[in-house]
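model_0.txt follows (compact mmCIF, C-alpha atoms and all ligand atoms):
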# COMPACT_ATOMS: atom_id res chain seq x y z
CA MET D 1 76.88 123.62 47.89
CA SER D 2 74.31 122.76 50.57
CA GLU D 3 73.33 119.49 48.80
CA ASN D 4 76.89 118.17 49.23
CA VAL D 5 77.12 118.82 52.97
CA LYS D 6 76.69 115.77 55.18
CA ILE D 7 74.66 116.61 58.26
CA ASN D 8 75.22 114.43 61.34
CA ARG D 9 71.97 115.02 63.19
CA GLY D 10 72.43 114.53 66.93
CA LEU D 11 76.17 114.21 66.15
CA LYS D 12 75.50 110.46 65.76
CA GLY D 13 78.74 108.57 65.21
CA VAL D 14 80.88 111.75 65.25
CA TYR D 15 84.20 111.75 67.16
CA PHE D 16 84.79 115.28 68.45
CA GLU D 17 87.88 114.64 70.62
CA ARG D 18 90.28 111.99 71.92
CA CYS D 19 89.72 110.92 75.54
CA GLY D 20 91.65 108.49 77.75
CA VAL D 21 89.04 108.09 80.47
CA SER D 22 86.43 105.50 79.47
CA ASP D 23 86.24 103.15 76.50
CA ILE D 24 82.82 102.11 75.25
CA ASP D 25 82.70 99.29 72.71
CA GLY D 26 79.11 99.54 71.54
CA ALA D 27 79.31 96.61 69.13
CA ARG D 28 80.61 94.20 71.79
CA GLY D 29 78.74 95.72 74.76
CA GLU D 30 81.91 96.47 76.74
CA LEU D 31 82.90 99.35 79.00
CA SER D 32 86.12 100.14 80.84
CA TYR D 33 87.38 103.04 82.93
CA ARG D 34 91.09 103.80 82.34
CA GLY D 35 91.54 100.26 80.99
CA TYR D 36 89.79 98.45 83.87
CA SER D 37 86.69 96.43 82.97
CA ILE D 38 83.47 97.75 84.48
CA HIS D 39 82.79 94.22 85.71
CA ASP D 40 85.99 94.14 87.79
CA LEU D 41 85.31 97.61 89.15
CA ALA D 42 81.66 96.83 89.98
CA THR D 43 82.54 93.62 91.82
CA ARG D 44 85.90 94.50 93.41
CA SER D 45 86.25 98.26 93.79
CA SER D 46 84.62 101.11 95.74
CA PHE D 47 83.18 104.40 94.51
CA GLU D 48 85.96 106.35 96.25
CA GLU D 49 88.60 104.24 94.48
CA VAL D 50 86.83 104.71 91.13
CA CYS D 51 86.66 108.49 91.68
CA TYR D 52 90.42 108.49 92.25
CA LEU D 53 91.01 106.33 89.19
CA LEU D 54 88.91 108.55 86.96
CA ILE D 55 90.34 111.85 88.20
CA PHE D 56 94.02 110.91 88.60
CA GLY D 57 94.31 108.14 85.99
CA GLU D 58 95.56 105.27 88.21
CA LEU D 59 94.15 103.10 90.98
CA PRO D 60 95.29 104.53 94.35
CA THR D 61 97.67 102.92 96.83
CA THR D 62 96.34 102.44 100.39
CA GLU D 63 97.89 105.77 101.46
CA GLU D 64 96.61 107.63 98.41
CA LEU D 65 93.09 106.27 98.94
CA ALA D 66 93.12 107.25 102.63
CA ALA D 67 94.26 110.79 101.77
CA PHE D 68 91.64 111.09 99.03
CA ASP D 69 88.90 109.77 101.34
CA ALA D 70 89.93 112.37 103.94
CA ARG D 71 89.60 115.10 101.28
CA LEU D 72 86.10 113.87 100.36
CA LYS D 73 85.06 113.78 104.03
CA ALA D 74 86.50 117.23 104.76
CA ALA D 75 84.35 118.56 101.91
CA ARG D 76 81.09 117.42 103.56
CA VAL D 77 79.97 120.97 104.38
CA LEU D 78 77.32 123.29 102.97
CA PRO D 79 76.97 127.03 103.67
CA ASP D 80 73.86 127.91 105.74
CA ALA D 81 72.55 129.95 102.81
CA VAL D 82 72.30 126.77 100.73
CA TYR D 83 70.02 125.16 103.34
CA ASP D 84 67.85 128.32 103.16
CA ILE D 85 67.71 128.09 99.37
CA ILE D 86 66.80 124.40 99.56
CA ALA D 87 64.01 125.23 102.02
CA ALA D 88 62.73 128.02 99.74
CA CYS D 89 62.60 125.56 96.80
CA GLY D 90 61.10 122.84 99.04
CA ALA D 91 58.25 121.65 96.80
CA GLY D 92 60.29 121.72 93.58
CA HIS D 93 61.54 118.61 91.76
CA PRO D 94 64.72 117.42 93.55
CA MET D 95 66.69 117.74 90.31
CA ASP D 96 65.71 121.43 90.00
CA VAL D 97 66.58 121.96 93.65
CA LEU D 98 69.96 120.24 93.20
CA ARG D 99 70.81 122.33 90.14
CA THR D 100 69.76 125.53 91.92
CA ALA D 101 71.83 124.67 95.01
CA VAL D 102 74.96 123.88 92.95
CA SER D 103 74.46 127.15 91.10
CA ALA D 104 74.16 128.94 94.47
CA LEU D 105 77.43 127.33 95.62
CA ALA D 106 79.13 128.94 92.60
CA ALA D 107 78.09 132.33 93.95
CA LEU D 108 78.62 131.57 97.65
CA GLU D 109 82.03 129.87 97.63
CA PRO D 110 84.74 132.19 96.26
CA ALA D 111 87.02 129.25 95.28
CA ALA D 112 84.29 128.13 92.85
CA ARG D 113 85.26 130.93 90.46
CA GLU D 114 88.82 129.66 90.05
CA VAL D 115 89.81 127.85 86.87
CA GLY D 116 92.76 125.59 86.03
CA GLU D 117 93.46 121.93 86.73
CA GLU D 118 94.14 122.22 90.48
CA ALA D 119 90.99 124.32 91.02
CA PHE D 120 88.91 121.85 89.00
CA ILE D 121 90.19 118.92 91.08
CA GLU D 122 89.63 120.72 94.38
CA ASN D 123 86.16 121.98 93.42
CA GLY D 124 85.31 118.63 91.86
CA ILE D 125 86.07 116.78 95.11
CA ARG D 126 84.10 119.38 97.05
CA LEU D 127 81.04 119.07 94.80
CA THR D 128 81.24 115.26 94.80
CA SER D 129 80.67 115.41 98.57
CA GLN D 130 78.19 118.29 98.50
CA VAL D 131 75.81 116.86 95.86
CA PRO D 132 74.52 113.95 98.04
CA MET D 133 74.27 116.35 101.00
CA ILE D 134 72.02 118.69 99.00
CA ILE D 135 69.74 115.85 97.87
CA ALA D 136 69.45 114.38 101.38
CA ALA D 137 68.90 117.82 102.96
CA HIS D 138 66.11 118.57 100.49
CA GLU D 139 64.43 115.23 101.19
CA ALA D 140 64.55 115.96 104.94
CA ILE D 141 63.37 119.57 104.66
CA ARG D 142 60.45 118.81 102.33
CA ASN D 143 59.28 116.20 104.85
CA GLY D 144 59.49 118.63 107.77
CA ARG D 145 62.66 117.12 109.29
CA ASP D 146 66.08 118.63 110.04
CA PRO D 147 68.86 117.59 107.64
CA VAL D 148 70.98 114.73 109.01
CA ALA D 149 74.65 115.64 109.58
CA ALA D 150 77.24 113.59 107.66
CA ASP D 151 78.88 110.72 109.53
CA ASP D 152 82.64 110.60 108.95
CA SER D 153 82.84 106.97 110.02
CA LEU D 154 80.90 106.08 106.85
CA GLY D 155 82.07 105.90 103.24
CA HIS D 156 80.44 107.90 100.43
CA ALA D 157 77.56 105.51 99.63
CA ALA D 158 76.74 104.51 103.23
CA ASN D 159 76.89 108.15 104.35
CA TRP D 160 74.48 109.13 101.57
CA LEU D 161 71.93 106.52 102.76
CA TRP D 162 72.48 107.62 106.36
CA MET D 163 71.84 111.29 105.50
CA LEU D 164 68.80 110.30 103.40
CA LYS D 165 67.11 108.03 105.94
CA GLY D 166 68.61 109.06 109.29
CA LYS D 167 69.43 105.42 110.02
CA LYS D 168 72.53 103.36 109.37
CA PRO D 169 72.16 101.27 106.20
CA SER D 170 72.84 97.53 106.20
CA GLU D 171 76.13 96.45 104.63
CA ASP D 172 74.24 95.05 101.62
CA ALA D 173 72.25 98.25 101.05
CA ALA D 174 75.40 100.38 101.24
CA ARG D 175 77.24 98.05 98.86
CA LEU D 176 74.37 98.13 96.34
CA ALA D 177 74.41 101.95 96.38
CA ASP D 178 78.21 101.87 96.01
CA VAL D 179 77.94 99.58 92.95
CA ASP D 180 75.21 101.80 91.49
CA PHE D 181 77.52 104.84 91.79
CA ILE D 182 80.46 102.93 90.24
CA LEU D 183 78.31 101.88 87.26
CA HIS D 184 77.10 105.45 86.68
CA ALA D 185 80.46 107.15 87.27
CA GLU D 186 81.60 107.83 83.70
CA HIS D 187 80.37 107.26 80.16
CA GLY D 188 82.34 109.20 77.57
CA ALA D 189 80.56 111.81 75.47
CA ASN D 190 77.07 111.16 76.84
CA ALA D 191 74.71 114.14 76.56
CA SER D 192 75.35 115.63 80.03
CA SER D 193 79.15 115.25 79.88
CA PHE D 194 79.24 116.64 76.35
CA ALA D 195 77.10 119.60 77.43
CA ALA D 196 79.47 120.21 80.36
CA ARG D 197 82.42 120.19 77.94
CA VAL D 198 80.71 122.77 75.72
CA THR D 199 80.35 125.00 78.79
CA ILE D 200 83.97 124.50 79.92
CA GLY D 201 85.08 125.14 76.33
CA THR D 202 84.18 128.81 76.89
CA GLU D 203 86.81 128.88 79.69
CA THR D 204 84.33 129.16 82.53
CA ASN D 205 84.58 127.46 85.94
CA LEU D 206 83.76 123.88 86.97
CA HIS D 207 80.51 124.80 88.76
CA GLY D 208 79.21 126.23 85.45
CA GLY D 209 79.97 122.92 83.74
CA ILE D 210 78.25 120.90 86.46
CA VAL D 211 75.13 123.10 86.38
CA THR D 212 74.93 122.48 82.62
CA ALA D 213 75.44 118.74 83.16
CA LEU D 214 72.67 118.59 85.76
CA SER D 215 70.25 120.39 83.42
CA THR D 216 71.06 117.95 80.64
CA LEU D 217 70.92 114.80 82.73
CA ALA D 218 67.37 115.56 83.90
CA GLY D 219 65.48 114.60 80.71
CA PRO D 220 63.78 111.21 80.18
CA ALA D 221 65.99 110.33 77.18
CA HIS D 222 69.02 110.43 79.52
CA GLY D 223 69.04 110.30 83.34
CA GLY D 224 65.27 110.47 83.73
CA ALA D 225 64.82 106.94 82.38
CA ALA D 226 64.98 105.16 85.78
CA GLU D 227 62.06 107.20 87.09
CA ASP D 228 60.07 106.49 83.93
CA VAL D 229 60.83 102.75 84.13
CA MET D 230 59.38 102.67 87.64
CA LYS D 231 56.25 104.49 86.44
CA MET D 232 56.01 101.94 83.60
CA VAL D 233 56.32 99.01 86.04
CA HIS D 234 53.50 100.44 88.16
CA GLU D 235 51.35 100.96 85.07
CA ILE D 236 51.95 97.36 83.91
CA GLY D 237 51.07 96.07 87.39
CA LYS D 238 51.60 92.32 86.76
CA PRO D 239 53.89 90.28 84.48
CA GLU D 240 51.00 89.03 82.32
CA ASN D 241 50.18 92.64 81.26
CA ALA D 242 53.69 93.33 79.89
CA ALA D 243 53.16 92.00 76.36
CA ALA D 244 50.04 94.13 75.76
CA TYR D 245 51.80 97.21 77.17
CA VAL D 246 54.80 96.77 74.86
CA LYS D 247 52.58 96.04 71.85
CA ALA D 248 50.57 99.23 72.41
CA LYS D 249 53.75 101.32 72.83
CA ARG D 250 55.30 100.00 69.66
CA ALA D 251 52.03 100.40 67.71
CA ALA D 252 52.05 104.06 68.80
CA LYS D 253 55.74 104.25 67.77
CA GLU D 254 56.66 105.31 71.30
CA ALA D 255 59.94 104.36 72.98
CA VAL D 256 59.79 101.74 75.73
CA THR D 257 61.78 103.40 78.46
CA GLY D 258 64.93 101.72 79.78
CA PHE D 259 65.64 100.25 76.33
CA GLY D 260 67.93 101.58 73.64
CA HIS D 261 71.20 103.45 73.61
CA ARG D 262 73.00 105.72 71.21
CA VAL D 263 76.18 103.61 71.32
CA TYR D 264 75.44 100.06 72.56
CA ARG D 265 74.24 97.52 70.02
CA LYS D 266 74.54 94.69 72.57
CA GLU D 267 73.18 94.83 76.10
CA ASP D 268 74.58 97.72 78.15
CA PRO D 269 77.27 95.94 80.24
CA ARG D 270 76.21 97.85 83.36
CA ALA D 271 72.69 96.39 83.29
CA ARG D 272 73.70 92.88 84.41
CA HIS D 273 74.90 94.12 87.82
CA MET D 274 71.68 96.00 88.43
CA ARG D 275 69.57 93.05 87.21
CA GLU D 276 71.26 90.76 89.73
CA GLY D 277 70.72 93.42 92.43
CA VAL D 278 66.97 93.64 91.71
CA ARG D 279 66.57 89.87 91.67
CA LYS D 280 68.39 89.31 94.97
CA LEU D 281 66.91 92.28 96.80
CA GLY D 282 63.38 91.46 95.60
CA GLU D 283 63.70 87.89 96.89
CA GLU D 284 65.21 89.00 100.21
CA MET D 285 62.46 91.55 100.74
CA GLY D 286 59.65 89.18 99.74
CA ALA D 287 58.80 91.31 96.68
CA PRO D 288 59.89 89.25 93.64
CA GLU D 289 57.06 90.64 91.47
CA TRP D 290 59.01 93.76 90.37
CA TYR D 291 61.79 91.64 88.88
CA GLU D 292 59.19 89.41 87.23
CA ILE D 293 57.47 92.41 85.60
CA LEU D 294 60.81 93.74 84.31
CA GLN D 295 61.74 90.35 82.87
CA ALA D 296 58.30 90.07 81.24
CA VAL D 297 58.95 93.44 79.53
CA VAL D 298 62.35 92.17 78.32
CA GLU D 299 60.65 89.07 76.90
CA ALA D 300 57.93 91.17 75.24
CA MET D 301 60.57 93.44 73.65
CA LYS D 302 62.41 90.55 71.97
CA PRO D 303 60.47 90.73 68.67
CA TYR D 304 61.39 94.44 68.43
CA ALA D 305 65.07 93.93 69.14
CA ARG D 306 66.21 95.09 65.70
CA HIS D 307 69.35 97.27 65.67
CA GLY D 308 70.40 95.57 68.91
CA LEU D 309 67.68 97.21 71.02
CA ASN D 310 68.43 96.04 74.57
CA VAL D 311 68.02 97.21 78.15
CA ASN D 312 70.28 100.04 79.30
CA VAL D 313 71.78 100.75 82.75
CA ASP D 314 68.62 102.42 84.02
CA PHE D 315 66.18 99.62 83.27
CA TYR D 316 66.80 97.93 86.63
CA SER D 317 68.03 100.71 88.92
CA GLY D 318 64.59 102.23 89.66
CA VAL D 319 63.28 99.02 91.21
CA ILE D 320 66.31 98.84 93.50
CA TYR D 321 65.64 102.38 94.72
CA GLN D 322 61.93 101.56 95.17
CA LEU D 323 62.76 98.45 97.23
CA HIS D 324 64.87 100.72 99.44
CA GLY D 325 61.85 103.02 99.88
CA ILE D 326 63.43 105.92 97.97
CA PRO D 327 60.91 108.30 96.33
CA MET D 328 60.81 108.18 92.52
CA ASP D 329 61.75 111.81 92.01
CA LEU D 330 65.15 111.10 93.63
CA TYR D 331 66.19 108.62 90.95
CA VAL D 332 67.73 111.21 88.61
CA PRO D 333 69.57 112.98 91.45
CA ILE D 334 71.00 109.58 92.49
CA PHE D 335 72.39 109.21 88.96
CA ALA D 336 74.02 112.64 89.43
CA ILE D 337 75.74 111.48 92.65
CA GLY D 338 77.37 108.66 90.70
CA ARG D 339 78.21 110.73 87.60
CA MET D 340 80.05 113.48 89.53
CA PRO D 341 83.61 112.12 88.95
CA GLY D 342 82.82 111.53 85.26
CA TRP D 343 81.68 115.12 84.80
CA VAL D 344 84.68 116.42 86.73
CA ILE D 345 87.23 114.53 84.62
CA GLN D 346 85.45 115.40 81.37
CA CYS D 347 85.63 119.08 82.37
CA ILE D 348 89.32 118.70 83.28
CA GLU D 349 90.03 116.98 79.95
CA GLN D 350 88.21 119.76 78.09
CA GLN D 351 90.20 122.56 79.69
CA ARG D 352 93.52 120.78 78.97
CA GLY D 353 94.41 122.15 75.54
CA ASN D 354 90.94 123.65 75.31
CA ILE D 355 89.21 124.40 72.04
CA LEU D 356 85.88 126.20 71.85
CA ILE D 357 83.18 123.70 70.79
CA ARG D 358 81.19 125.37 68.06
CA PRO D 359 79.78 123.26 65.21
CA LEU D 360 77.68 124.54 62.30
CA THR D 361 74.03 124.41 61.32
CA LEU D 362 73.29 124.41 57.60
CA TYR D 363 70.94 127.27 56.75
CA ASN D 364 67.68 126.22 55.06
CA GLY D 365 65.57 129.34 55.71
CA PRO D 366 64.16 131.91 53.25
CA GLU D 367 66.21 133.37 50.36
CA PRO D 368 67.53 136.92 50.91
CA ARG D 369 64.58 139.35 50.91
CA ALA D 370 63.84 143.05 51.39
CA TYR D 371 62.96 144.38 54.84
CA LEU D 372 59.39 145.76 54.90
CA PRO D 373 58.50 148.49 57.40
CA ILE D 374 55.86 147.26 59.89
CA ALA D 375 53.05 149.34 58.34
CA ALA D 376 53.63 147.64 54.96
CA ARG D 377 53.49 143.97 56.17
C1 LIG D 401 71.88 106.52 81.05
C2 LIG D 401 71.24 106.76 79.76
O1 LIG D 401 71.14 107.90 79.37
S1 LIG D 401 70.78 105.45 78.88
C3 LIG D 401 69.38 106.00 77.94
C4 LIG D 401 68.19 106.20 78.83
N1 LIG D 401 67.00 106.55 78.04
C5 LIG D 401 65.98 105.70 77.84
O2 LIG D 401 65.95 104.58 78.31
C6 LIG D 401 64.82 106.27 77.04
C7 LIG D 401 64.37 105.30 75.94
N2 LIG D 401 65.38 105.20 74.90
C8 LIG D 401 65.45 106.12 73.89
O3 LIG D 401 64.67 107.08 73.83
C9 LIG D 401 66.54 105.94 72.85
O4 LIG D 401 66.95 104.62 72.78
C10 LIG D 401 67.77 106.84 73.09
C11 LIG D 401 67.34 108.32 73.12
C12 LIG D 401 68.43 106.50 74.43
C13 LIG D 401 68.80 106.60 71.97
O5 LIG D 401 68.20 107.01 70.80
P1 LIG D 401 68.89 106.83 69.37
O6 LIG D 401 70.35 106.86 69.48
O7 LIG D 401 68.27 107.83 68.47
O8 LIG D 401 68.41 105.39 69.01
P2 LIG D 401 68.87 104.50 67.80
O9 LIG D 401 69.34 105.30 66.64
O10 LIG D 401 69.77 103.48 68.35
O11 LIG D 401 67.47 103.82 67.42
C14 LIG D 401 67.42 102.78 66.52
C15 LIG D 401 66.02 102.29 66.37
O12 LIG D 401 65.56 101.74 67.61
C16 LIG D 401 64.38 102.40 68.03
N3 LIG D 401 64.44 102.61 69.46
C17 LIG D 401 65.43 103.19 70.15
N4 LIG D 401 65.12 103.19 71.46
C18 LIG D 401 63.93 102.59 71.58
C19 LIG D 401 63.09 102.27 72.68
N5 LIG D 401 63.45 102.61 73.92
N6 LIG D 401 61.93 101.64 72.46
C20 LIG D 401 61.58 101.30 71.22
N7 LIG D 401 62.33 101.56 70.12
C21 LIG D 401 63.48 102.21 70.31
C22 LIG D 401 64.39 103.71 67.29
O13 LIG D 401 63.06 104.22 67.14
C23 LIG D 401 65.01 103.32 65.97
O14 LIG D 401 64.04 102.67 65.20
P3 LIG D 401 63.91 102.93 63.62
O15 LIG D 401 65.26 102.58 63.04
O16 LIG D 401 62.81 102.03 63.21
O17 LIG D 401 63.60 104.38 63.49
O1 LIG D 402 76.24 107.32 77.02
C1 LIG D 402 75.07 107.71 76.87
O2 LIG D 402 74.61 108.19 75.81
C2 LIG D 402 74.12 107.63 78.00
C3 LIG D 402 74.59 106.74 79.10
O3 LIG D 402 74.49 105.54 79.02
C4 LIG D 402 75.22 107.35 80.24
O4 LIG D 402 75.40 108.58 80.29
O5 LIG D 402 75.58 106.61 81.18

Can you give me the file's structure in the form of structure tokens?
Ligand SMILES: CC(=O)SCCNC(=O)CCNC(=O)[C@H](O)C(C)(C)COP(=O)(O)OP(=O)(O)OC[C@H]1O[C@@H](n2cnc3c(N)ncnc32)[C@H](O)[C@@H]1OP(=O)(O)O
Ligand SMILES: O=C([O-])CC(=O)C(=O)O
Amino acid sequence: MSENVKINRGLKGVYFERCGVSDIDGARGELSYRGYSIHDLATRSSFEEVCYLLIFGELPTTEELAAFDARLKAARVLPDAVYDIIAACGAGHPMDVLRTAVSALAALEPAAREVGEEAFIENGIRLTSQVPMIIAAHEAIRNGRDPVAADDSLGHAANWLWMLKGKKPSEDAARLADVDFILHAEHGANASSFAARVTIGTETNLHGGIVTALSTLAGPAHGGAAEDVMKMVHEIGKPENAAAYVKAKRAAKEAVTGFGHRVYRKEDPRARHMREGVRKLGEEMGAPEWYEILQAVVEAMKPYARHGLNVNVDFYSGVIYQLHGIPMDLYVPIFAIGRMPGWVIQCIEQQRGNILIRPLTLYNGPEPRAYLPIAAR
């Protein structure tokens, strides 16, 4: 019987559910949220509007957006105990600190234990505001500074940069962060969202799902890629070294980070917005060499572009963060800020008409055998 079973390792190409949130056309390299092209959203929308769209299914009216924005701003609070926990974890990787702080919120805020659609929406909005606060507070505390209080005159992206740096960002910097969050907001059954759905499938609360998602996002095959791309760019050093770097990686059969995707066979449609951001920002800041190194890597990868191997969303984002003077270990947490509404809606979708997610593994261990007492082994 076992010979006839088809195993889908990594669940490649398996549909496990229907979902009306985002549509990824891997063959054409297209992405939309609730029917709206990612290109329209990245150029014309705001992160707050995209959060509303993802969670409630429609673009908001002016009044709906104002009310939603007020809910996000009202949620910009953290219990004192969370600041103490952040301080105690001070030297840890920011992603570990973020996950620990979100887990602590589950224990500290009684509403976090509630389940059901309304509770998921309320807690999802709360966490969407709290996640950037935690990351910024950790960055301040580990550098011996007091956390910067949120500024309610600023939108989500500008407020995040304000809390991180303690100075008001330029309009361009805030817009670039906003676009980055929009591009990262939702992506179907990616590893972290799928993991969150497995957790919610056991009928637990939203915070449990988000802690799972944060754990899963952290690895280099998923959210950790932007940090690794930046390390790669530093290692390459100058554009003329890119070809030798790529050749050595491929000879060693190692992945070149920032390339490849489980679903896209054309370029990841999100990459073009980040590429343009790197090019412009690099020129404005008198540091065009980072863009040149990235483009030299793209050129060097062309001979290996079988199976549609192209850059993904995180190939360019690291350089943008670096040009803004953001430490490398914050790159994965920044992805988490953007992905919050995607995780929230995936958890909501899972608990609507929930079914426990529990696939099978095909046994290939020893044949049945007799138990031997320890003295006889
Ligand atoms: C936001 C995100 O999570 S996007 C992804 C971020 N991650 C990265 O950038 C890390 C580097 N990329 C990778 O490790 C992979 O591309 C993954 C994990 C993202 C996807 O992996 P898979 O779905 O298993 O890749 P896929 O089946 O499409 O691979 C096809 C072929 O391309 C190769 N390939 C895939 N990615 C890369 C890469 N980055 N560099 C070189 N070759 C690669 C595979 O080895 C495979 O070759 P083969 O057929 O000769 O064995
Ligand atoms: O969809 C995936 O597998 C990974 C990805 O691009 C994302 O989560 O944004």

*asked:* Let me make sure I understand: among D:Pro79, D:Gly365, D:Gly10, D:Pro333, which one has the smallest atom-to-atom distance to ligand LIG 401 (chain D) if we use all atoms listed in the file?
replied: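 Ranking D:Pro79, D:Gly365, D:Gly10, D:Pro333 by distance to ligand LIG 401 (chain D), first place goes to D:Gly10.
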
Wanna dump the chain D-ligand LIG 402 (chain D) contacts at 10 Å for me, each residue with its shortest atom pair and the distance in Å to one decimal, counting all atoms listed in the file, ordered by chain and number, as a tab-separated table?
residue	atom	partner	partner_atom	distance
D:Ile24	CA	D:LIG402	O1	8.6
D:Gly26	CA	D:LIG402	O1	9.9
D:Leu183	CA	D:LIG402	O5	8.2
D:His184	CA	D:LIG402	O5	5.8
D:Ala185	CA	D:LIG402	O5	7.8
D:Glu186	CA	D:LIG402	O5	6.6
D:His187	CA	D:LIG402	O5	4.9
D:Gly188	CA	D:LIG402	O1	6.4
D:Ala189	CA	D:LIG402	O1	6.4
D:Asn190	CA	D:LIG402	O1	3.9
D:Ala191	CA	D:LIG402	O2	6.0
D:Ser192	CA	D:LIG402	O4	7.1
D:Ser193	CA	D:LIG402	O4	7.7
D:Phe194	CA	D:LIG402	O2	9.7
D:Leu217	CA	D:LIG402	O4	8.0
D:Ala221	CA	D:LIG402	C2	8.6
D:His222	CA	D:LIG402	C2	6.0
D:Gly223	CA	D:LIG402	O4	7.3
D:Gly260	CA	D:LIG402	O3	9.4
D:His261	CA	D:LIG402	O2	6.2
D:Arg262	CA	D:LIG402	O2	5.5
D:Val263	CA	D:LIG402	O2	6.6
D:Tyr264	CA	D:LIG402	O3	8.5
D:Asp268	CA	D:LIG402	O3	7.9
D:Arg270	CA	D:LIG402	O3	9.0
D:Asn312	CA	D:LIG402	O3	6.9
D:Val313	CA	D:LIG402	O3	6.6
D:Asp314	CA	D:LIG402	O3	8.3
D:Phe335	CA	D:LIG402	O5	8.8
D:Gly338	CA	D:LIG402	O5	9.9
D:Arg339	CA	D:LIG402	O5	8.1
D:Gly342	CA	D:LIG402	O4	9.4

*Exercise: Ala106 (chain D) partners within 8 Å, all atoms listed in the file, chain neighbours under 6 positions left out, as a PyMOL selection string*: chain D and resi 112-113+207-208

*For CA of Thr212 (chain D) and CA of Ala42 (chain D), the interatomic separation in Å (one decimal)*: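 Straight-line distance from CA of Thr212 (chain D) to CA of Ala42 (chain D) works out to 27.5 Å.
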
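You can rank D:Thr216, D:Asp180, D:Arg358, D:Asn310 by their closest distance to Trp343 (chain D) using all atoms listed in the file, and at the top of that list sits D:Thr216.
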
*Restricting the calculation to all atoms listed in the file, which member of D:Val77, D:Leu309, D:Met274, D:Met230 is positioned closest to Ala255 (chain D)?*
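Among the listed residues, the smallest separation from Ala255 (chain D) belongs to D:Leu309.
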
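CA of Glu284 (chain D) to CA of Ile326 (chain D) spans 17.2 Å [interatomic distance, one decimal].
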
*asked:* Env of region 286-293 of chain D: 10 Å cut, atoms = all atoms listed in the file, seq-sep filter 2 positions within chain, self excluded. Answer as number ranges by chain.
replied: D: 230, 232-234, 236-242, 275-284, 295-299, 316, 319-320, 322-323

The selected residues should be written to file as a PDB file, in the coordinates of the input (atoms: C-alpha atoms).
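And here is the file that came out, selection02.pdb:
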ATOM      1  CA  MET D 230      59.380 102.670  87.640  1.00  0.00           C
ATOM      2  CA  MET D 232      56.010 101.940  83.600  1.00  0.00           C
ATOM      3  CA  VAL D 233      56.320  99.010  86.040  1.00  0.00           C
ATOM      4  CA  HIS D 234      53.500 100.440  88.160  1.00  0.00           C
ATOM      5  CA  ILE D 236      51.950  97.360  83.910  1.00  0.00           C
ATOM      6  CA  GLY D 237      51.070  96.070  87.390  1.00  0.00           C
ATOM      7  CA  LYS D 238      51.600  92.320  86.760  1.00  0.00           C
ATOM      8  CA  PRO D 239      53.890  90.280  84.480  1.00  0.00           C
ATOM      9  CA  GLU D 240      51.000  89.030  82.320  1.00  0.00           C
ATOM     10  CA  ASN D 241      50.180  92.640  81.260  1.00  0.00           C
ATOM     11  CA  ALA D 242      53.690  93.330  79.890  1.00  0.00           C
ATOM     12  CA  ARG D 275      69.570  93.050  87.210  1.00  0.00           C
ATOM     13  CA  GLU D 276      71.260  90.760  89.730  1.00  0.00           C
ATOM     14  CA  GLY D 277      70.720  93.420  92.430  1.00  0.00           C
ATOM     15  CA  VAL D 278      66.970  93.640  91.710  1.00  0.00           C
ATOM     16  CA  ARG D 279      66.570  89.870  91.670  1.00  0.00           C
ATOM     17  CA  LYS D 280      68.390  89.310  94.970  1.00  0.00           C
ATOM     18  CA  LEU D 281      66.910  92.280  96.800  1.00  0.00           C
ATOM     19  CA  GLY D 282      63.380  91.460  95.600  1.00  0.00           C
ATOM     20  CA  GLU D 283      63.700  87.890  96.890  1.00  0.00           C
ATOM     21  CA  GLU D 284      65.210  89.000 100.210  1.00  0.00           C
ATOM     22  CA  GLN D 295      61.740  90.350  82.870  1.00  0.00           C
ATOM     23  CA  ALA D 296      58.300  90.070  81.240  1.00  0.00           C
ATOM     24  CA  VAL D 297      58.950  93.440  79.530  1.00  0.00           C
ATOM     25  CA  VAL D 298      62.350  92.170  78.320  1.00  0.00           C
ATOM     26  CA  GLU D 299      60.650  89.070  76.900  1.00  0.00           C
ATOM     27  CA  TYR D 316      66.800  97.930  86.630  1.00  0.00           C
ATOM     28  CA  VAL D 319      63.280  99.020  91.210  1.00  0.00           C
ATOM     29  CA  ILE D 320      66.310  98.840  93.500  1.00  0.00           C
ATOM     30  CA  GLN D 322      61.930 101.560  95.170  1.00  0.00           C
ATOM     31  CA  LEU D 323      62.760  98.450  97.230  1.00  0.00           C
TER      32      LEU D 323
END

*Between CA of Asp329 (chain D) and CA of Ile135 (chain D), what is the distance, to one decimal in Å?*
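A separation of 10.7 Å between them.
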
*Using only C-alpha atoms, which of the listed residues (D:Gly124, D:Gly155, D:Gly144, D:Gly29) sits closest to Gly209 (chain D)?*
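Going through D:Gly124, D:Gly155, D:Gly144, D:Gly29 one by one, the smallest distance to Gly209 (chain D) is for D:Gly124.
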